[in-house]
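Trainee: Below is a structure I'd like to ask you about.
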Amino acid sequence: MNSFVSSKFRYILSVLVVLFMVVSCVSTSGTAKESGEELVYQNDFEKDALGWGTRGSETVELVDKAGIDGGQALYVHEREKTWNAPFYDMTEVLLPGASYRIGVWVKFEEGPQSSGFNMSVQVDNGTGMQYVTIGGGRVPKNYWTYMETVYTVPPKADPNSAFLNPIGFYIETPWKPDESIQPEDIISFYIDNVTVSKIPPAAPAAVETDIPEFSSFFDFPVGTAVNSQYLKDGHKRHGLLRHFNAYVYENEMKMDAMQPREGEFKFANGDALVEYASSQGKLVRGHTLLWHNQYPSWFFTDDEGNEVSKEVLMNRIEAHISTIVSHYKGQIYAWDVVNEVVEYDGSLRNSPYLSIIGSEEYIALAFRAARAADPDAKLFINDYNIAFSGAKQDALYELVKRLKDQGVPIDGVGLQAHINMGHPTVGNMETAIERFASLGVDVHVTELDMSVYASENEAAKDPGREVLLTQAYKYRDMFEMFSEQHAKGNLDMVVFWGADDGMSWKNQPGRPDYPLLFGKDLQAKPAYWIFADPARLPINIQVRDSNQAVDGVSGMDDPIWENASSYPIVGRDGTLYGSFKTLWDDKKLYVLATALDNTSDSSDEIVFYVEPRNVKADERTKDSIDVSVSRSKADADTGESYTVFKALNVEGILDAKVGFDVVVSDNGSVHSWNDFDNLQEDSSINYGTLCMKPMPVMCTAKRATGNIRIDGRDSEWGDITPVPMEVETQGYTLEGSQFRAQWDDNYLYVYFEVQDSLLNDNARDPWEQDSVEVFIDQNNAKTSTYEPDDAQYRISFKNFVTFNGGYEDEFMSKTRVFPGGYAVEVAVPLKDVSPEVGLLMGFDTQINEADASGVRAGIRNWVNDTNMGYQDMSGLGVIMLVE
Ligand code: XIL
């Protein structure tokens, strides 16, 4: 096997192999029935539509030769409302209280390029009819797409009632009020092969007792939030406590719990915690002495219900804190003295403390009272949304600095770190830790959890393997950073806001979350195994774009291949075995694969596997194809490597996803792009995924002929062709702005000329100031969360730079104001790829336009008009490095 890959590149690849994460498109894969599940209903519509009917005026009927296997399908047409749908009464199938996996295939042929579809039920458990969307997804036109969901039927309201509760199942398009319905909202569609499997009741949750303690992987304390019940031996969560060496109460040391009535202190729960912790040799954090939530109702009012005076409130604060802190003197490692005192916009929180006392003096008072009561306890200020830069982080930084300057006894800053998989990035958090540590205080991460949702409003989702792996990789990168920061003396402790997903405060009714190390079944998740034993992780599904070649591809030498990204084939151990590119048109999937192999022998071959409908099943579907090309038939062979071109018979459909894998065989040893178990012949469960996308908007960067001085002047840019920025993403911006790009071995250089006669940087948030941004996705994986190679750099017209990911130390920029606008020259470090001619990277540029008052009035981009680039790389254009 060949090993001429440079060590830098090899390192990069080993990083990339695990970072090439999913998510640039949602998988519509349909797993087959899993073990233990019992098929309780199926209709492939080959015989009849038995029981399937309508919900309104629509028509539902069987249609010949329309089905997924060429047979019959159920067709719904003449729909007038979004809820007109094929309907089936499942009263005898879906039993109250039980859980089911429901699968259905959907296809449509008219109207929009793609459409959302919902799987819904109408159910009455005795409390009235409820209409519930239980699953769904996006379906590209003309493409049979599998949708699957897991649904738990509500238990009967009256458990003694002998009747089965009526429940009906249907497939509809997303709801719209009648008066705003457009033809695309009521398209006709087909469904086929509906299956329902009963999921056996979950085994009772049990803690694994034979796995290493999570905290043993780190040389700083790692803690968890707990509730007092867990401390008792028989509690089902008790066994999780050993994974942590610090504890904090989730609620039981908050103000309302500690002093429910004035002067009446409740110490029993706190006593139990400090006692348990000390018996185990573990640390305790106290949370929290002062907060604007969970305070006792009497705290701010007198007996008549009137607001108390400043003096009374100061006395109450002082009494509350001194009584509690002195009670636990010597037993609590660190106290969150005040919690969440700064607002998002950087002002002091408008709490009763501030309004009654009138200034931040109450904060100083709280810290002084705590110090007097226990001089050895570490005293913290704790807050959320400060692990990334912005007005709130700035304000907290300034506040802590001010308090220290005034001699207020403050020892530390707690970053709550309720984060999600996309935001903030590990780099954002690293910057925050370093920034607060630079004030000479301790830094704790105090309430770490990682939601699988990007926002409060995102719909419930199934935490499939892709999601759990994405989460695991982010936890790994984050803890690597934590270890480095600990070694530098910047970080002292990390505490999770709970151990298992079942107890997380992130769970919402109807929308469970999965933010922690252990699952609802109390078993260790990938986020644990990635530290303990990465070999136990399931194989990741890599998801990559395949771009459309509208005029087809003539062969290996077709210049269109330059526009296709090359994806490395990297083994489990990080060795590079080759690479491949793909393109598609409506009839074919074109593949071009290179194997690195300098020992030619007769069994050398490359095999392509495609599962056209991306079912990802234990047994691959019948329409799957595999095509092998032996080295003797290669289109090119240098002796060091050989390359094969193939046009596979796969129908290309915009936005469709296909299961895909490439296997390189070298004298008996077999290396796969995705399925490291090499079971592609039998099972598609570990195929990667290709998403059929249009050809992205592209531009080029020329290789720099000499040194580029970053001086904001155009001396080295004269003969570079400018690229106009014409996408008006938001509001008002001037026409005529442009950028140019060059590259060398270390940097991508970008030179902006922005048309803007009124420059303003009054806003606190940097994105509101007149500024430009560069988005870069070095490995061009176009993931919808940031990977370590992804970054956003923002440079104001005054050269104030803000980072979202990226390389702060190496980045360089300079700006220059000219009549009618400003120029920005930047050098963006290329550290995750080897820059060379032909390299494609995800790329975009942006202009933020501030109006006279300092508010952002407009956004202009080169490509992406979503304004989501700060967390999602999937909408970027592509920049190609050329000579
Ligand atoms: C949360 C608890 O987890 C919930 O159980 C409770 O209902 C509300 O408070 N920031 C904090 C914590 O400082 O105290 C909060 O804890 C989560 C946000």
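In the structure tokens, each chain is lettered A, B, ... as it comes, each chain's residues begin at 1, and ligands are numbered from 1 in order of appearance.
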Please return, as an MDAnalysis selection string, all residues of range 618-809 of chain A that DSSP assigns to strand (DSSP E) on the basis of the backbone.
Mentor: chainID A and resid 625:630 636:637 641:648 657:666 669:672 688:693 698:703 723:724 727:731 738:743 747:755 771:777 790:796 801:805
Trainee: I'd like a table as CSV: residues in chain A with an atom no more than 9 Å from ligand 1, each row giving the shortest atom pair and its distance in Å to one decimal, only C-alpha atoms and all ligand atoms counted, sorted by chain and rising residue number.
Mentor:
residue,atom,partner,partner_atom_place_in_ligand_line,distance
A:Ala225,CA,ligand 1,3 (O),8.3
A:Tyr249,CA,ligand 1,14 (O),8.8
A:Glu250,CA,ligand 1,3 (O),5.4
A:Asn251,CA,ligand 1,2 (C),6.0
A:Lys254,CA,ligand 1,14 (O),7.7
A:His287,CA,ligand 1,14 (O),7.1
A:Thr288,CA,ligand 1,14 (O),7.3
A:Trp291,CA,ligand 1,13 (O),8.2
A:Asn293,CA,ligand 1,9 (O),8.0
A:Gln294,CA,ligand 1,8 (C),7.6
A:Asp336,CA,ligand 1,13 (O),8.8
A:Asn339,CA,ligand 1,13 (O),6.2
A:Glu340,CA,ligand 1,13 (O),7.2
A:Asn382,CA,ligand 1,13 (O),7.2
A:Asp383,CA,ligand 1,13 (O),7.0
A:Tyr384,CA,ligand 1,10 (N),6.9
A:Gln416,CA,ligand 1,10 (N),6.8
A:His418,CA,ligand 1,18 (C),7.6
A:Thr446,CA,ligand 1,13 (O),8.4
A:Glu447,CA,ligand 1,11 (C),7.2
A:Trp497,CA,ligand 1,3 (O),7.1
A:Gly498,CA,ligand 1,3 (O),8.3
A:Met503,CA,ligand 1,5 (O),8.6
A:Ser504,CA,ligand 1,3 (O),6.9
A:Trp505,CA,ligand 1,3 (O),4.7
A:Lys506,CA,ligand 1,3 (O),7.9
Trainee: Restrict the calculation to only C-alpha atoms, then for each residue of range 551-594 of chain A with any atom at most 8 Å from an atom of range 831-851 of chain A give the closest atom pair and their distance in Å to one decimal, rows by chain and rising residue number, as JSON lines.
Mentor:
{"residue": "A:Glu562", "atom": "CA", "partner": "A:Gly838", "partner_atom": "CA", "distance": 6.5}
{"residue": "A:Asn563", "atom": "CA", "partner": "A:Leu840", "partner_atom": "CA", "distance": 7.7}
{"residue": "A:Ala564", "atom": "CA", "partner": "A:Leu840", "partner_atom": "CA", "distance": 7.9}
{"residue": "A:Ser565", "atom": "CA", "partner": "A:Leu840", "partner_atom": "CA", "distance": 6.1}
Trainee: Take the residues from that selection and write them out as an mmCIF file, in the first residue's frame, keeping N, CA, C and O atoms.
Mentor:
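Wrote it out as selection_16.cif, contents follow:
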data_model
loop_
_atom_site.group_PDB
_atom_site.id
_atom_site.type_symbol
_atom_site.label_atom_id
_atom_site.label_comp_id
_atom_site.auth_asym_id
_atom_site.auth_seq_id
_atom_site.Cartn_x
_atom_site.Cartn_y
_atom_site.Cartn_z
ATOM 1 N N GLU A 562 -13.624 19.351 -12.859
ATOM 2 C CA GLU A 562 -12.992 20.373 -12.021
ATOM 3 C C GLU A 562 -13.980 20.999 -11.046
ATOM 4 O O GLU A 562 -13.597 21.522 -10.013
ATOM 5 N N ASN A 563 -15.256 20.969 -11.411
ATOM 6 C CA ASN A 563 -16.269 21.609 -10.568
ATOM 7 C C ASN A 563 -16.856 20.663 -9.531
ATOM 8 O O ASN A 563 -17.837 21.001 -8.870
ATOM 9 N N ALA A 564 -16.305 19.470 -9.434
ATOM 10 C CA ALA A 564 -16.831 18.517 -8.453
ATOM 11 C C ALA A 564 -15.829 18.387 -7.315
ATOM 12 O O ALA A 564 -14.633 18.264 -7.544
ATOM 13 N N SER A 565 -16.333 18.405 -6.112
ATOM 14 C CA SER A 565 -15.451 18.279 -4.954
ATOM 15 C C SER A 565 -14.924 16.856 -4.859
ATOM 16 O O SER A 565 -15.631 15.902 -5.155
#
Trainee: Name the residues of range 208-425 of chain A that come out as alpha helix (DSSP H) in a backbone DSSP run; write them as a PyMOL selection string.
Mentor: chain A and resi 255-258+268-280+310-327+352-357+361-373+391-405
Trainee: Compile the contact shell of range 80-91 of chain A as a ChimeraX atom specification: residues with an atom at most 10 Å away, counting only C-alpha atoms, same-chain residues fewer than 3 positions apart removed.
Mentor: /A:41,49-61,74-77,94-96,117-118,120-123,164-179,181-191,196
Trainee: Could you dump the residues just selected with C-alpha atoms as a compact mmCIF listing (two decimals), in the first residue's frame?
Mentor:
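Wrote result_4.txt, looks like this:
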# COMPACT_ATOMS: atom_id res chain seq x y z
CA TYR A 41 -49.99 -3.79 9.70
CA ALA A 49 -57.08 -0.39 -0.84
CA LEU A 50 -58.88 -2.19 1.95
CA GLY A 51 -60.19 0.45 4.33
CA TRP A 52 -58.27 3.40 2.88
CA GLY A 53 -60.52 6.34 2.12
CA THR A 54 -60.86 10.10 2.16
CA ARG A 55 -61.21 12.82 4.79
CA GLY A 56 -63.16 15.28 2.64
CA SER A 57 -64.05 15.97 -0.95
CA GLU A 58 -60.83 14.52 -2.38
CA THR A 59 -60.59 11.30 -4.40
CA VAL A 60 -58.54 8.34 -3.20
CA GLU A 61 -58.08 5.40 -5.53
CA LEU A 74 -52.78 4.64 -3.70
CA TYR A 75 -53.43 7.99 -5.40
CA VAL A 76 -55.06 11.04 -3.86
CA HIS A 77 -56.19 13.86 -6.12
CA LEU A 94 -52.53 1.37 17.26
CA LEU A 95 -53.30 0.44 20.84
CA PRO A 96 -53.35 2.98 23.68
CA PHE A 117 -45.55 16.00 3.77
CA ASN A 118 -46.88 15.25 7.23
CA SER A 120 -50.66 12.68 11.07
CA VAL A 121 -53.16 11.04 13.37
CA GLN A 122 -56.55 12.03 14.69
CA VAL A 123 -56.99 10.44 18.06
CA LEU A 164 -60.80 1.08 22.00
CA ASN A 165 -60.13 4.74 21.36
CA PRO A 166 -60.71 5.85 17.77
CA ILE A 167 -57.48 6.68 15.96
CA GLY A 168 -57.00 7.40 12.28
CA PHE A 169 -53.80 7.79 10.27
CA TYR A 170 -53.34 10.01 7.21
CA ILE A 171 -50.72 11.69 5.05
CA GLU A 172 -51.30 15.37 4.26
CA THR A 173 -49.43 18.45 3.14
CA PRO A 174 -48.53 21.06 5.79
CA TRP A 175 -51.53 23.00 7.04
CA LYS A 176 -52.51 26.34 5.55
CA PRO A 177 -55.67 28.35 6.19
CA ASP A 178 -58.21 27.92 3.39
CA GLU A 179 -57.97 31.51 2.17
CA ILE A 181 -54.09 27.95 -0.21
CA GLN A 182 -52.08 27.91 -3.44
CA PRO A 183 -52.11 25.08 -5.99
CA GLU A 184 -48.76 23.81 -4.65
CA ASP A 185 -50.31 23.29 -1.22
CA ILE A 186 -52.88 20.77 -2.49
CA ILE A 187 -50.92 18.72 -5.01
CA SER A 188 -52.02 15.20 -5.87
CA PHE A 189 -49.76 12.46 -4.61
CA TYR A 190 -49.20 8.74 -4.27
CA ILE A 191 -48.49 6.61 -1.25
CA VAL A 196 -46.66 -0.40 11.15
Trainee: Looking at only C-alpha atoms, which of A:Val495, A:Ala595, A:Ile433, A:Ile363 is the one that sits closest to Leu403 in chain A?
Mentor: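 Counting only C-alpha atoms, the residue closest to Leu403 in chain A is A:Ile363.
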